[in-house]
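Data block below; observations after.
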Amino acid sequence: LDEEAEIVGGKDFSHATHDLIEAIDRGEFPEWKLCIQTMDPKTEGDYDFDPLDVTKTWPEEMFPWTEVGRMVLNKNVDNQFLENEQIAFSPAVVVPGIYYSDDKLLQTRLFSYTDTQRYRLGANYLQLPINAPKNPHRNAHYDGALNTMARNSEINYYPSRIDKARPVPELPRVTGGMVGGERVKMTIDKENNFAQAGARWRSFDEQRKERFVKRVADALNAPRVTVEAKSIWLSNWSQADKDLGRRLAQRVVMNKM
């Protein structure tokens, strides 16, 4: 596989992008099942790892995948700048029925992503066709830099006797309630750094294990890697799985530089 990757990547380092574009042009649309994992927030503290730790995955045997739809890529962009460069993604933009977990990384990005888009594209970035709602909408946003939505007859305040517009009814939200406390930098209670790594290694077939050991050993045997760094990495891998650590130790050269 490594040799094949070198040949393919050597001929065209953008081979995956070209393959995707050409397949869509041929009408061979790539398609994926869209699945989610769910957890009752009340059980968050019942596991031997922190479910909101971004270095962890949710084991499928504990949190089975639930299929909710499918994702199909069926059209290439006509204008790279208008339809790709100006896309403004943000996890803060959600549809009714979906709300935010207490994941610290997510909570910071709820602000930073939208703030970045305003800086990058302007205050009215949600009026750009690629970001705007497909259906008619009213949000009382007026003017500002690069405003493109003419609203000559609307009233931009509420309540109003002239404009009988009413807000959309509030929908139920799933939330854990208010959280308070001191913000500090500290080690989390349930690090459990090695269990999932070991489980993933033991799930590999023998050929995949061999490829993994070879690649890690080759990286650790690079001239710039010190004996101290090698020892640390071998200790980490051994804590994940003793067999993995043993196989790596047999291939990593520990001679001092």
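Letters A, B, ... go to the chains of the structure tokens in the order shown; residues in each chain start at 1; ligands are counted from 1 in the same order.
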Pull the closest atom pair for each residue of region 53-156 of chain A that gets at most 6 Å from region 10-34 of chain A, along with the distance in Å to one decimal, counting only C-alpha atoms, ordering rows by chain and then ascending residue number, as JSON lines.
{"residue": "A:Glu67", "atom": "CA", "partner": "A:Leu34", "partner_atom": "CA", "distance": 5.8}
{"residue": "A:Val68", "atom": "CA", "partner": "A:Leu34", "partner_atom": "CA", "distance": 5.8}
{"residue": "A:Gly69", "atom": "CA", "partner": "A:Leu34", "partner_atom": "CA", "distance": 5.0}
{"residue": "A:Arg70", "atom": "CA", "partner": "A:Lys33", "partner_atom": "CA", "distance": 4.4}
{"residue": "A:Met71", "atom": "CA", "partner": "A:Trp32", "partner_atom": "CA", "distance": 5.2}
{"residue": "A:Val72", "atom": "CA", "partner": "A:Glu31", "partner_atom": "CA", "distance": 4.5}
{"residue": "A:Leu73", "atom": "CA", "partner": "A:Phe29", "partner_atom": "CA", "distance": 5.8}
{"residue": "A:Asn74", "atom": "CA", "partner": "A:Phe29", "partner_atom": "CA", "distance": 5.3}
Go ahead and save the picked residues with C-alpha atoms, as a tab-separated table (two decimals), in the first residue's frame.
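This went into result_15.tsv:
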chain	number	residue	atom	x	y	z
A	67	GLU	CA	-29.15	6.19	10.60
A	68	VAL	CA	-30.91	9.52	10.01
A	69	GLY	CA	-30.48	9.97	6.27
A	70	ARG	CA	-27.96	9.93	3.48
A	71	MET	CA	-25.46	12.39	2.05
A	72	VAL	CA	-24.99	12.55	-1.73
A	73	LEU	CA	-22.56	14.74	-3.65
A	74	ASN	CA	-24.37	15.24	-6.96
Show me, as a list in words, the residues that have an atom within 12 Å of Gly245 (chain A) when counting only C-alpha atoms, minus same-chain residues fewer than 2 positions from it. Gly198, Trp201, Lys209, Phe212, Val213, Val216, Ala217, Lys230, Ser231, Ile232, Trp233, Leu234, Ser235, Asn236, Trp237, Ser238, Gln239, Ala240, Asp241, Lys242, Asp243, Arg247, Leu248, Ala249, Gln250, Arg251 and Val252 of chain A
Please indicate the distance in Å from CA of Ile36 (chain A) to CA of Gly180 (chain A), rounded to one decimal place.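 Pair CA of Ile36 (chain A) / CA of Gly180 (chain A) returns 29.1 Å.
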In region 24-240 of chain A, DSSP alpha helix (DSSP H) residues written as a PyMOL selection string: chain A and resi 24-25+80+104-121+195-202+206-220+227-240
Restricting the calculation to only C-alpha atoms: of A:Leu121, A:Ala88, A:Cys35, A:Ala165, which residue gets closest to His137 (chain A)?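 For His137 (chain A), the nearest of the candidates is A:Ala165.
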